[in-house]
file work-v9.cif (mmCIF, C-alpha atoms)
data_model
loop_
_atom_site.label_atom_id
_atom_site.label_comp_id
_atom_site.auth_asym_id
_atom_site.auth_seq_id
_atom_site.Cartn_x
_atom_site.Cartn_y
_atom_site.Cartn_z
CA ARG E 32 67.07 74.73 49.41
CA ARG E 33 68.04 77.43 51.83
CA MET E 34 68.92 81.11 51.98
CA ILE E 35 72.65 81.72 52.31
CA GLY E 36 74.02 84.57 54.48
CA SER E 37 71.67 86.65 56.59
CA LYS E 38 73.46 89.97 55.88
CA THR E 39 73.39 89.41 52.13
CA THR E 40 69.84 88.18 52.30
CA ARG E 41 68.52 91.08 54.32
CA ALA E 42 70.30 93.68 52.17
CA THR E 43 68.95 92.14 49.00
CA THR E 44 65.43 91.70 50.31
CA GLN E 45 65.31 95.31 51.50
CA ALA E 46 66.19 96.46 47.98
CA MET E 47 63.55 94.14 46.55
CA ALA E 48 60.90 95.03 49.13
CA PRO E 49 58.74 97.31 46.96
CA PHE E 50 58.50 94.60 44.33
CA PHE E 51 57.75 91.72 46.67
CA LEU E 52 55.45 93.53 49.08
CA SER E 53 53.10 94.39 46.25
CA ARG E 54 53.11 90.85 44.97
CA GLN E 55 53.04 88.62 48.06
CA ALA E 56 49.65 87.12 47.31
CA LEU E 57 50.62 86.45 43.71
CA SER E 58 53.93 84.87 44.78
CA VAL E 59 52.28 82.51 47.25
CA GLY E 60 49.74 81.55 44.63
CA LEU E 61 52.48 80.74 42.16
CA ILE E 62 54.30 78.66 44.74
CA LEU E 63 51.29 76.45 45.33
CA GLN E 64 50.06 75.92 41.80
CA THR E 65 50.87 72.50 40.45
CA THR E 66 51.54 73.86 36.94
CA THR E 67 53.76 76.86 37.68
CA ALA E 68 56.72 77.93 35.61
CA PHE E 69 58.93 76.18 38.17
CA GLN E 70 57.37 72.86 37.24
CA SER E 71 56.45 73.32 33.59
CA GLN E 72 58.85 71.41 31.38
CA ALA E 73 58.22 73.91 28.59
CA SER E 74 59.74 76.80 30.54
CA PHE E 75 61.91 74.86 32.99
CA THR E 76 65.20 75.34 31.15
CA THR E 77 64.84 79.08 30.83
CA ARG E 78 63.66 79.49 34.42
CA SER E 79 66.47 77.23 35.64
CA ALA E 80 69.11 79.24 33.80
CA ALA E 81 67.78 82.48 35.25
CA LEU E 82 67.60 81.17 38.80
CA THR E 83 71.03 79.55 38.83
CA THR E 84 72.69 82.87 37.95
CA SER E 85 71.27 84.49 41.09
CA PRO E 86 73.95 85.13 43.75
CA LEU E 87 71.35 84.38 46.40
CA ILE E 88 70.82 80.77 45.43
CA ALA E 89 73.83 79.78 43.38
CA ALA E 90 75.00 77.54 46.22
CA ALA E 91 71.60 76.49 47.49
CA LYS E 92 70.86 73.39 45.44
CA PRO E 93 69.64 70.09 46.84
CA THR E 94 71.45 67.14 45.33
CA PHE E 95 68.44 64.98 44.52
CA PRO E 96 65.96 64.20 43.15
CA THR E 97 66.76 66.14 39.95
CA THR E 98 63.14 66.96 39.17
CA ASN E 99 62.63 68.54 42.58
CA ARG E 100 65.84 70.55 42.61
CA MET E 101 64.54 73.77 41.11
CA ASN E 102 61.06 73.28 42.56
CA ASN E 103 62.41 73.22 46.10
CA THR E 104 64.99 75.95 45.60
CA ALA E 105 62.49 78.32 44.04
CA ARG E 106 59.88 77.73 46.71
CA ARG E 107 62.37 78.08 49.56
CA MET E 108 63.79 81.20 47.96
CA ILE E 109 60.47 83.00 47.58
CA GLY E 110 59.08 81.75 50.90
CA SER E 111 62.15 82.83 52.87
CA ILE E 112 62.22 86.25 51.21
CA LEU E 113 58.57 86.84 52.04
CA ASP E 114 59.13 85.67 55.62
CA LEU E 115 62.07 88.04 56.03
CA LEU E 116 60.15 90.95 54.52
CA SER E 117 57.45 90.42 57.13
CA GLY E 118 60.01 90.36 59.93
CA GLY E 119 60.89 86.68 59.84
CA ASP E 120 58.28 85.83 62.44
CA GLY E 121 55.27 85.40 60.22
CA GLY E 122 53.26 83.54 62.85
CA MET E 123 50.87 80.66 62.32
CA ILE E 124 48.18 80.31 59.74
CA SER E 125 44.75 79.69 61.27
CA PRO E 126 43.12 76.27 60.73
CA ASP E 127 40.28 77.77 58.68
CA LYS E 128 42.75 79.31 56.22
CA ALA E 129 45.07 76.32 55.92
CA LEU E 130 45.33 74.32 52.71
CA PRO E 131 42.79 71.47 52.45
CA GLY E 132 45.31 68.65 52.20
CA ARG E 133 44.23 65.24 50.92
CA PRO E 134 43.10 61.81 52.18
CA GLU E 135 45.91 59.91 50.41
CA LYS E 136 49.00 59.16 52.51
CA MET E 137 52.51 59.91 51.30
CA ALA E 138 53.61 57.63 48.47
CA GLY E 139 56.78 55.58 48.82
CA ILE E 140 56.67 55.12 52.61
CA ASP E 141 54.97 51.72 52.86
CA GLY E 142 57.67 49.10 53.25
CA LEU E 143 60.47 51.66 53.38
CA LYS E 144 63.42 50.69 55.58
CA HIS E 145 65.55 53.10 57.59
CA TYR E 146 68.62 53.83 55.48
CA VAL E 147 71.02 53.38 58.42
CA LEU E 148 69.21 51.25 61.03
CA LYS E 149 67.43 49.04 58.44
CA ASN E 150 64.16 48.76 60.40
CA ASP E 151 60.72 49.43 58.92
CA LEU E 152 60.09 53.17 59.06
CA GLN E 153 56.45 52.92 60.16
CA GLU E 154 56.37 50.05 62.63
CA VAL E 155 56.18 50.55 66.39
CA PRO E 156 57.04 47.21 68.05
CA GLU E 157 55.11 46.17 71.14
CA GLY E 158 56.47 47.90 74.22
CA TYR E 159 58.22 50.62 72.23
CA GLU E 160 57.30 54.29 72.51
CA GLN E 161 57.35 57.42 70.35
CA CYS E 162 58.75 60.90 70.63
CA VAL E 163 57.90 63.65 68.12
CA PHE E 164 59.59 67.03 67.95
CA GLY E 165 60.72 69.78 65.60
CA ASN E 166 63.78 71.99 66.00
CA GLY E 167 64.67 73.45 62.61
CA CYS E 168 65.60 71.72 59.37
CA PHE E 169 64.69 68.08 59.88
CA TRP E 170 67.73 66.65 58.08
CA GLY E 171 70.18 67.36 60.91
CA SER E 172 67.61 66.93 63.66
CA GLU E 173 66.97 63.35 62.57
CA LYS E 174 70.66 62.45 62.29
CA ALA E 175 71.35 63.56 65.86
CA ILE E 176 68.88 60.94 67.10
CA TRP E 177 69.64 57.94 64.89
CA ARG E 178 73.29 58.25 66.02
CA LEU E 179 72.41 57.66 69.67
CA PRO E 180 74.24 54.51 70.80
CA LYS E 181 71.32 52.33 71.82
CA GLY E 182 67.57 51.95 72.00
CA ILE E 183 66.61 53.71 68.76
CA HIS E 184 64.46 51.48 66.53
CA SER E 185 63.87 54.09 63.84
CA THR E 186 63.78 57.79 63.08
CA ALA E 187 61.80 59.49 60.35
CA VAL E 188 61.26 63.02 59.12
CA GLY E 189 57.88 64.48 58.41
CA TYR E 190 55.42 67.28 58.95
CA CYS E 191 53.85 67.64 62.38
CA ALA E 192 51.49 69.78 64.41
CA GLY E 193 49.62 71.30 61.49
CA PHE E 194 46.13 71.50 60.06
CA SER E 195 46.25 70.03 56.53
CA PRO E 196 46.07 66.23 56.17
CA ASN E 197 48.94 64.57 54.28
CA PRO E 198 50.81 67.70 53.19
CA THR E 199 53.60 67.67 50.63
CA TYR E 200 57.00 69.21 51.13
CA ASN E 201 56.15 72.21 48.95
CA GLU E 202 52.91 72.81 50.81
CA ALA E 203 54.58 72.62 54.22
CA CYS E 204 57.30 75.00 52.99
CA SER E 205 54.66 77.56 52.09
CA SER E 206 53.71 77.93 55.80
CA MET E 207 50.12 77.42 54.69
CA THR E 208 49.54 74.03 56.32
CA GLY E 209 50.65 74.96 59.85
CA HIS E 210 53.13 72.08 60.05
CA THR E 211 56.68 72.23 61.32
CA GLU E 212 59.45 70.04 59.96
CA GLY E 213 59.65 67.27 62.53
CA VAL E 214 61.27 64.03 63.61
CA ARG E 215 59.50 60.92 64.85
CA VAL E 216 61.53 58.59 67.05
CA VAL E 217 60.52 55.02 67.83
CA TYR E 218 62.57 53.81 70.79
CA ASN E 219 62.86 51.03 73.33
CA PRO E 220 62.33 52.55 76.81
CA LYS E 221 64.17 49.59 78.36
CA GLU E 222 67.36 50.67 76.59
CA ILE E 223 67.13 54.44 76.37
CA SER E 224 65.13 56.97 78.37
CA TYR E 225 62.72 59.53 76.99
CA VAL E 226 64.86 62.01 78.92
CA ASP E 227 67.91 61.20 76.76
CA ILE E 228 66.01 61.95 73.55
CA MET E 229 64.46 65.07 75.04
CA ARG E 230 67.86 66.32 76.18
CA MET E 231 69.22 65.95 72.64
CA PHE E 232 66.20 67.90 71.40
CA TRP E 233 66.86 70.82 73.75
CA GLU E 234 70.62 70.98 73.25
CA SER E 235 70.52 70.62 69.45
CA HIS E 236 68.93 74.02 68.76
CA ASP E 237 68.16 77.45 70.17
CA PRO E 238 64.64 77.17 71.57
CA THR E 239 64.48 80.91 72.28
CA GLN E 240 64.27 81.66 68.55
CA TYR E 241 60.72 82.30 67.38
CA MET E 242 59.44 80.68 64.19
CA GLY E 243 62.74 79.48 62.83
CA GLN E 244 66.35 78.47 63.28
CA GLY E 245 69.17 80.54 61.80
CA ASN E 246 68.34 81.60 58.26
CA ASP E 247 65.44 79.15 58.02
CA ARG E 248 62.44 81.30 58.90
CA GLY E 249 58.75 80.55 59.10
CA SER E 250 56.34 78.41 61.09
CA GLN E 251 57.62 75.30 59.27
CA TYR E 252 60.87 75.63 61.28
CA ARG E 253 59.41 76.41 64.68
CA SER E 254 60.57 74.62 67.80
CA GLY E 255 58.03 72.17 69.16
CA ILE E 256 57.78 68.97 71.17
CA TYR E 257 54.59 66.94 71.45
CA TYR E 258 53.67 64.59 74.27
CA PHE E 259 51.81 61.28 74.17
CA ASN E 260 51.15 60.94 77.90
CA GLU E 261 51.14 62.94 81.12
CA ASP E 262 54.64 61.80 82.13
CA GLN E 263 56.13 63.20 78.93
CA LYS E 264 54.30 66.47 79.45
CA ARG E 265 55.67 66.89 82.97
CA LEU E 266 59.21 66.01 81.89
CA ILE E 267 59.08 68.49 79.02
CA GLU E 268 57.75 71.31 81.17
CA ALA E 269 60.19 70.70 84.02
CA SER E 270 63.21 70.48 81.72
CA LYS E 271 62.09 73.56 79.81
CA ALA E 272 62.03 75.62 82.99
CA ALA E 273 65.52 74.41 83.90
CA TYR E 274 66.97 74.98 80.43
CA GLU E 275 65.47 78.45 80.16
CA LYS E 276 67.37 79.49 83.29
CA GLN E 277 70.59 77.96 82.01
CA LEU E 278 70.40 79.65 78.64
CA GLY E 279 69.79 83.00 80.32
CA LYS E 280 68.70 84.69 77.10
CA GLY E 281 64.98 85.10 77.46
CA GLU E 282 61.90 82.95 77.16
CA ILE E 283 61.96 79.58 75.46
CA LYS E 284 59.47 79.77 72.58
CA THR E 285 59.05 76.01 72.06
CA GLU E 286 55.52 74.86 71.30
CA ILE E 287 54.44 72.18 73.80
CA ALA E 288 51.21 70.37 72.98
CA ALA E 289 49.48 67.01 73.28
CA ALA E 290 49.59 64.74 70.24
CA SER E 291 45.84 64.30 70.66
CA ASP E 292 45.28 68.04 70.09
CA PHE E 293 45.80 67.39 66.38
CA ASP E 294 43.42 64.45 66.00
CA LYS E 295 40.75 66.84 64.69
CA TYR E 296 43.10 67.77 61.85
CA GLY E 297 43.85 64.19 60.89
CA GLY E 298 46.67 63.58 63.33
CA LEU E 299 49.91 64.97 64.70
CA TRP E 300 52.29 63.32 62.24
CA TYR E 301 52.67 62.83 58.50
CA PHE E 302 55.71 61.24 56.86
CA ALA E 303 57.75 63.37 54.48
CA GLU E 304 58.74 62.21 51.01
CA ALA E 305 61.04 59.19 50.80
CA TYR E 306 63.99 61.20 49.51
CA HIS E 307 64.01 63.29 52.71
CA GLN E 308 64.24 60.21 54.94
CA GLN E 309 67.75 59.94 56.46
CA TYR E 310 68.82 62.43 53.80
CA LEU E 311 72.22 63.25 55.30
CA SER E 312 73.27 59.59 55.21
CA LYS E 313 72.76 59.21 51.47
CA PRO E 314 75.46 59.54 48.81
CA GLY E 315 75.47 62.97 47.21
CA SER E 316 73.46 64.65 49.98
CA ARG E 317 74.10 68.32 50.64
CA PRO E 318 75.61 68.76 54.14
CA TYR E 319 73.15 71.40 55.32
CA CYS E 320 72.07 72.25 58.86
CA SER E 321 70.34 75.39 60.12
CA ALA E 322 69.91 74.56 63.81
CA GLN E 323 71.60 76.83 66.33
CA PRO E 324 72.86 74.76 69.31
CA GLN E 325 74.03 77.03 72.11
CA GLY E 326 76.66 74.76 73.63
CA VAL E 327 74.76 74.75 76.93
CA SER E 328 74.07 71.44 78.69
CA LEU E 329 70.77 70.67 80.36
CA ALA E 330 71.04 70.78 84.16
CA PRO E 331 71.57 67.49 86.02
CA PHE E 332 68.51 65.26 85.86
CA ASP E 333 67.99 65.10 89.64
CA SER E 334 67.85 68.89 89.88
CA TRP E 335 64.74 69.35 87.72
CA CYS E 336 62.91 66.01 87.33
CA PRO E 337 59.71 65.63 89.38
CA GLU E 338 60.46 63.37 92.33
CA ASP E 339 57.89 60.70 91.44
CA LEU E 340 59.31 60.29 87.91
CA LYS E 341 62.99 59.96 88.78
CA GLU E 342 63.15 56.20 89.11
CA LYS E 343 61.24 55.43 85.90
CA TYR E 344 63.02 57.97 83.69
CA GLN E 345 66.62 57.79 84.84
CA PRO E 346 68.87 58.70 81.88
CA ALA E 347 70.51 55.77 80.12
CA LEU E 348 73.30 57.89 78.65
CA PRO E 349 75.99 58.96 81.17
CA GLU E 350 77.57 62.39 81.37
CA SER E 351 80.66 60.96 79.68
CA PHE E 352 78.54 60.51 76.54
CA TRP E 353 77.40 64.13 76.57
CA LYS E 354 80.88 65.48 77.23
CA LYS E 355 82.25 63.69 74.19
CA HIS E 356 79.28 63.52 71.82
CA GLY E 357 76.82 66.20 72.95
CA PRO E 358 75.97 69.16 70.69
CA VAL E 359 78.44 72.05 70.63
CA ARG E 360 77.73 75.66 69.77
CA GLY E 361 76.84 75.94 66.09
CA CYS E 362 75.56 73.06 63.97
CA SER E 363 78.20 70.36 63.49
CA ILE E 364 76.09 67.22 63.06
CA VAL E 365 76.74 67.16 59.31
CA ARG E 366 80.43 66.40 59.94
CA PHE E 367 79.85 63.24 61.94
CA ASP E 368 79.68 59.61 60.82
CA ASN E 369 76.29 58.20 59.95
CA GLU E 370 76.53 55.05 62.04
CA PRO E 371 75.31 55.01 65.66
CA ILE E 372 77.91 56.07 68.20
CA SER E 373 79.78 53.18 69.78
CA GLU E 374 79.27 52.75 73.50
CA SER E 375 82.98 52.00 73.83
CA SER E 376 83.79 55.54 72.62
CA TYR E 377 82.76 57.16 75.88
#
call {"tool": "encode", "arguments": {"input": "work-v9.cif", "output": "structure tokens"}}
result
Amino acid sequence: RRMIGSKTTRATTQAMAPFFLSRQALSVGLILQTTTAFQSQASFTTRSAALTTSPLIAAAKPTFPTTNRMNNTARRMIGSILDLLSGGDGGMISPDKALPGRPEKMAGIDGLKHYVLKNDLQEVPEGYEQCVFGNGCFWGSEKAIWRLPKGIHSTAVGYCAGFSPNPTYNEACSSMTGHTEGVRVVYNPKEISYVDIMRMFWESHDPTQYMGQGNDRGSQYRSGIYYFNEDQKRLIEASKAAYEKQLGKGEIKTEIAAASDFDKYGGLWYFAEAYHQQYLSKPGSRPYCSAQPQGVSLAPFDSWCPEDLKEKYQPALPESFWKKHGPVRGCSIVRFDNEPISESSY
């Protein structure tokens, strides 16, 4: 599913550059066709044998579903190589050049229950609110939120802030829909604050990286957080300014936009395939994470929050939680238990 080491990758892609640079359009076309050699049963065995001998992807195999294993690996492989050849910061496709998408919603989501929390993945109970963000590979990003000790009704992974209605995983991975891999959180604001979720978003990745996290490159891995009301916008912008100073390593590149900005493209959010939902909690899942937490805590709430929002958005999680369970430098979420953190643990 992913590239392996950046040094190996860059050395190999440099050697392969003349070949790939002359064939980028052809490669992208092959990625998107629904009857490519990667999907054709007639040539699948031969193609599979050739690909699995490659030192670049020998260890980069998703565990399930079996049919998608080589599809996803091959697409990630080619897409990441092309992104690296172009500098790794390929930018955004324009809406007029994005794939057309489709009117049909993702199959397998209706009635689906959260694998850990057991609640319906789509429902938003009365009085509950949403938060949508992207900060690298959505597998680990989602797990960081469903483990919060209280107030989380559901989490889901999907494709957000793009231009093509109802994209598939392979389409989003091509960078030709404009979506980033994202997480949707449905939460009870009486039990947990938006600020708690937003803090986990900031601290769980390196928001100064442009169009990617770690070895995962392309617009489908860009950092972004999307607001549903003016309060959320102000909290995001104020915390961004504070965190940028704390990181001290340049400008935060996170995309900040209103959810309503994407209504003209069909909406902000589309659910990903069922097998991606709560992936890291499922038996046989590959413990992969590309996010790059910096081990830097967001400044104290009172130091950056607008004065008129302090009472309403006081954090529900104390500093003792963050000291014990907050993100550390480097991605470690894959090592933790799947169940929500116990309040008695901090």
call {"tool": "residues_around", "arguments": {"input": "work-v9.cif", "residues": "segment 216-220 of chain E", "least_positions_apart": "3", "cutoff": "8 Å", "atoms": "only C-alpha atoms", "output": "compact mmCIF listing (two decimals) with C-alpha atoms, in the coordinates of the input"}}
result
# COMPACT_ATOMS: atom_id res chain seq x y z
CA VAL E 155 56.18 50.55 66.39
CA GLY E 158 56.47 47.90 74.22
CA TYR E 159 58.22 50.62 72.23
CA GLU E 160 57.30 54.29 72.51
CA GLN E 161 57.35 57.42 70.35
CA CYS E 162 58.75 60.90 70.63
CA VAL E 163 57.90 63.65 68.12
CA ILE E 176 68.88 60.94 67.10
CA GLY E 182 67.57 51.95 72.00
CA ILE E 183 66.61 53.71 68.76
CA HIS E 184 64.46 51.48 66.53
CA SER E 185 63.87 54.09 63.84
CA THR E 186 63.78 57.79 63.08
CA ALA E 187 61.80 59.49 60.35
CA ILE E 223 67.13 54.44 76.37
CA SER E 224 65.13 56.97 78.37
CA TYR E 225 62.72 59.53 76.99
call {"tool": "atom_distance", "arguments": {"input": "work-v9.cif", "atom1": "atom CA of Ser270 of chain E", "atom2": "atom CA of Trp335 of chain E"}}
result
6.3 Å
call {"tool": "residues_around", "arguments": {"input": "work-v9.cif", "residues": "Phe367 of chain E", "least_positions_apart": "4", "cutoff": "10 Å", "atoms": "all atoms listed in the file", "output": "list in words"}}
result
Lys174, Ala175, Arg178, His356, Ser363 and Ile372 of chain E
call {"tool": "atom_distance", "arguments": {"input": "work-v9.cif", "atom1": "atom CA of Gly297 of chain E", "atom2": "atom CA of Gly193 of chain E"}}
result
9.2 Å
call {"tool": "resolve_selection", "arguments": {"input": "work-v9.cif", "expression": "the PyMOL selection byres ((chain E and resi 258) around 12)", "output": "PyMOL selection string"}}
result
chain E and resi 160-164+192+215+225+229+255-257+259-268+286-293+299
call {"tool": "residues_near_point", "arguments": {"input": "work-v9.cif", "point": "(62.9, 74.2, 57.9)", "cutoff": "8 Å", "atoms": "only C-alpha atoms", "output": "ChimeraX atom specification"}}
result
/E:167-169,204,211-212,243-244,247-249,251-253,321
call {"tool": "closest_residue", "arguments": {"input": "work-v9.cif", "among": "E:Leu179, E:Trp170, E:Ala273, E:Pro314", "to": "Ser334 of chain E", "atoms": "only C-alpha atoms"}}
result
E:Ala273
call {"tool": "residues_around", "arguments": {"input": "work-v9.cif", "residues": "Glu304 of chain E", "least_positions_apart": "6", "cutoff": "9 Å", "atoms": "all atoms listed in the file", "output": "PyMOL selection string"}}
result
chain E and resi 137-140+188-189+199-200
call {"tool": "residues_around", "arguments": {"input": "work-v9.cif", "residues": "His236 of chain E", "least_positions_apart": "3", "cutoff": "12 Å", "atoms": "all atoms listed in the file", "output": "mmCIF file with C-alpha atoms, in the frame of the given file"}}
result
data_model
loop_
_atom_site.group_PDB
_atom_site.id
_atom_site.type_symbol
_atom_site.label_atom_id
_atom_site.label_comp_id
_atom_site.auth_asym_id
_atom_site.auth_seq_id
_atom_site.Cartn_x
_atom_site.Cartn_y
_atom_site.Cartn_z
ATOM 1 C CA PHE E 164 59.590 67.030 67.950
ATOM 2 C CA GLY E 165 60.720 69.780 65.600
ATOM 3 C CA ASN E 166 63.780 71.990 66.000
ATOM 4 C CA GLY E 167 64.670 73.450 62.610
ATOM 5 C CA CYS E 168 65.600 71.720 59.370
ATOM 6 C CA PHE E 169 64.690 68.080 59.880
ATOM 7 C CA GLY E 171 70.180 67.360 60.910
ATOM 8 C CA SER E 172 67.610 66.930 63.660
ATOM 9 C CA ALA E 175 71.350 63.560 65.860
ATOM 10 C CA MET E 229 64.460 65.070 75.040
ATOM 11 C CA ARG E 230 67.860 66.320 76.180
ATOM 12 C CA MET E 231 69.220 65.950 72.640
ATOM 13 C CA PHE E 232 66.200 67.900 71.400
ATOM 14 C CA TRP E 233 66.860 70.820 73.750
ATOM 15 C CA THR E 239 64.480 80.910 72.280
ATOM 16 C CA GLN E 240 64.270 81.660 68.550
ATOM 17 C CA TYR E 241 60.720 82.300 67.380
ATOM 18 C CA GLY E 243 62.740 79.480 62.830
ATOM 19 C CA GLN E 244 66.350 78.470 63.280
ATOM 20 C CA GLY E 245 69.170 80.540 61.800
ATOM 21 C CA TYR E 252 60.870 75.630 61.280
ATOM 22 C CA ARG E 253 59.410 76.410 64.680
ATOM 23 C CA SER E 254 60.570 74.620 67.800
ATOM 24 C CA GLY E 255 58.030 72.170 69.160
ATOM 25 C CA TYR E 274 66.970 74.980 80.430
ATOM 26 C CA LEU E 278 70.400 79.650 78.640
ATOM 27 C CA ILE E 283 61.960 79.580 75.460
ATOM 28 C CA LYS E 284 59.470 79.770 72.580
ATOM 29 C CA THR E 285 59.050 76.010 72.060
ATOM 30 C CA CYS E 320 72.070 72.250 58.860
ATOM 31 C CA SER E 321 70.340 75.390 60.120
ATOM 32 C CA ALA E 322 69.910 74.560 63.810
ATOM 33 C CA GLN E 323 71.600 76.830 66.330
ATOM 34 C CA PRO E 324 72.860 74.760 69.310
ATOM 35 C CA GLN E 325 74.030 77.030 72.110
ATOM 36 C CA GLY E 326 76.660 74.760 73.630
ATOM 37 C CA VAL E 327 74.760 74.750 76.930
ATOM 38 C CA SER E 328 74.070 71.440 78.690
ATOM 39 C CA GLY E 357 76.820 66.200 72.950
ATOM 40 C CA PRO E 358 75.970 69.160 70.690
ATOM 41 C CA VAL E 359 78.440 72.050 70.630
ATOM 42 C CA ARG E 360 77.730 75.660 69.770
ATOM 43 C CA GLY E 361 76.840 75.940 66.090
ATOM 44 C CA CYS E 362 75.560 73.060 63.970
ATOM 45 C CA SER E 363 78.200 70.360 63.490
ATOM 46 C CA ILE E 364 76.090 67.220 63.060
#
call {"tool": "atom_distance", "arguments": {"input": "work-v9.cif", "atom1": "atom CA of Lys128 of chain E", "atom2": "atom CA of Asn201 of chain E"}}
result
16.8 Å
call {"tool": "residues_around", "arguments": {"input": "work-v9.cif", "residues": "Pro198 of chain E", "least_positions_apart": "2", "cutoff": "9 Å", "atoms": "all atoms listed in the file", "output": "list in words"}}
result
Leu130, Pro131, Gly132, Arg133, Lys136, Met137, Tyr190, Ser195, Pro196, Tyr200, Asn201, Glu202, Ala203, Thr208, His210, Tyr301, Phe302 and Ala303 of chain E
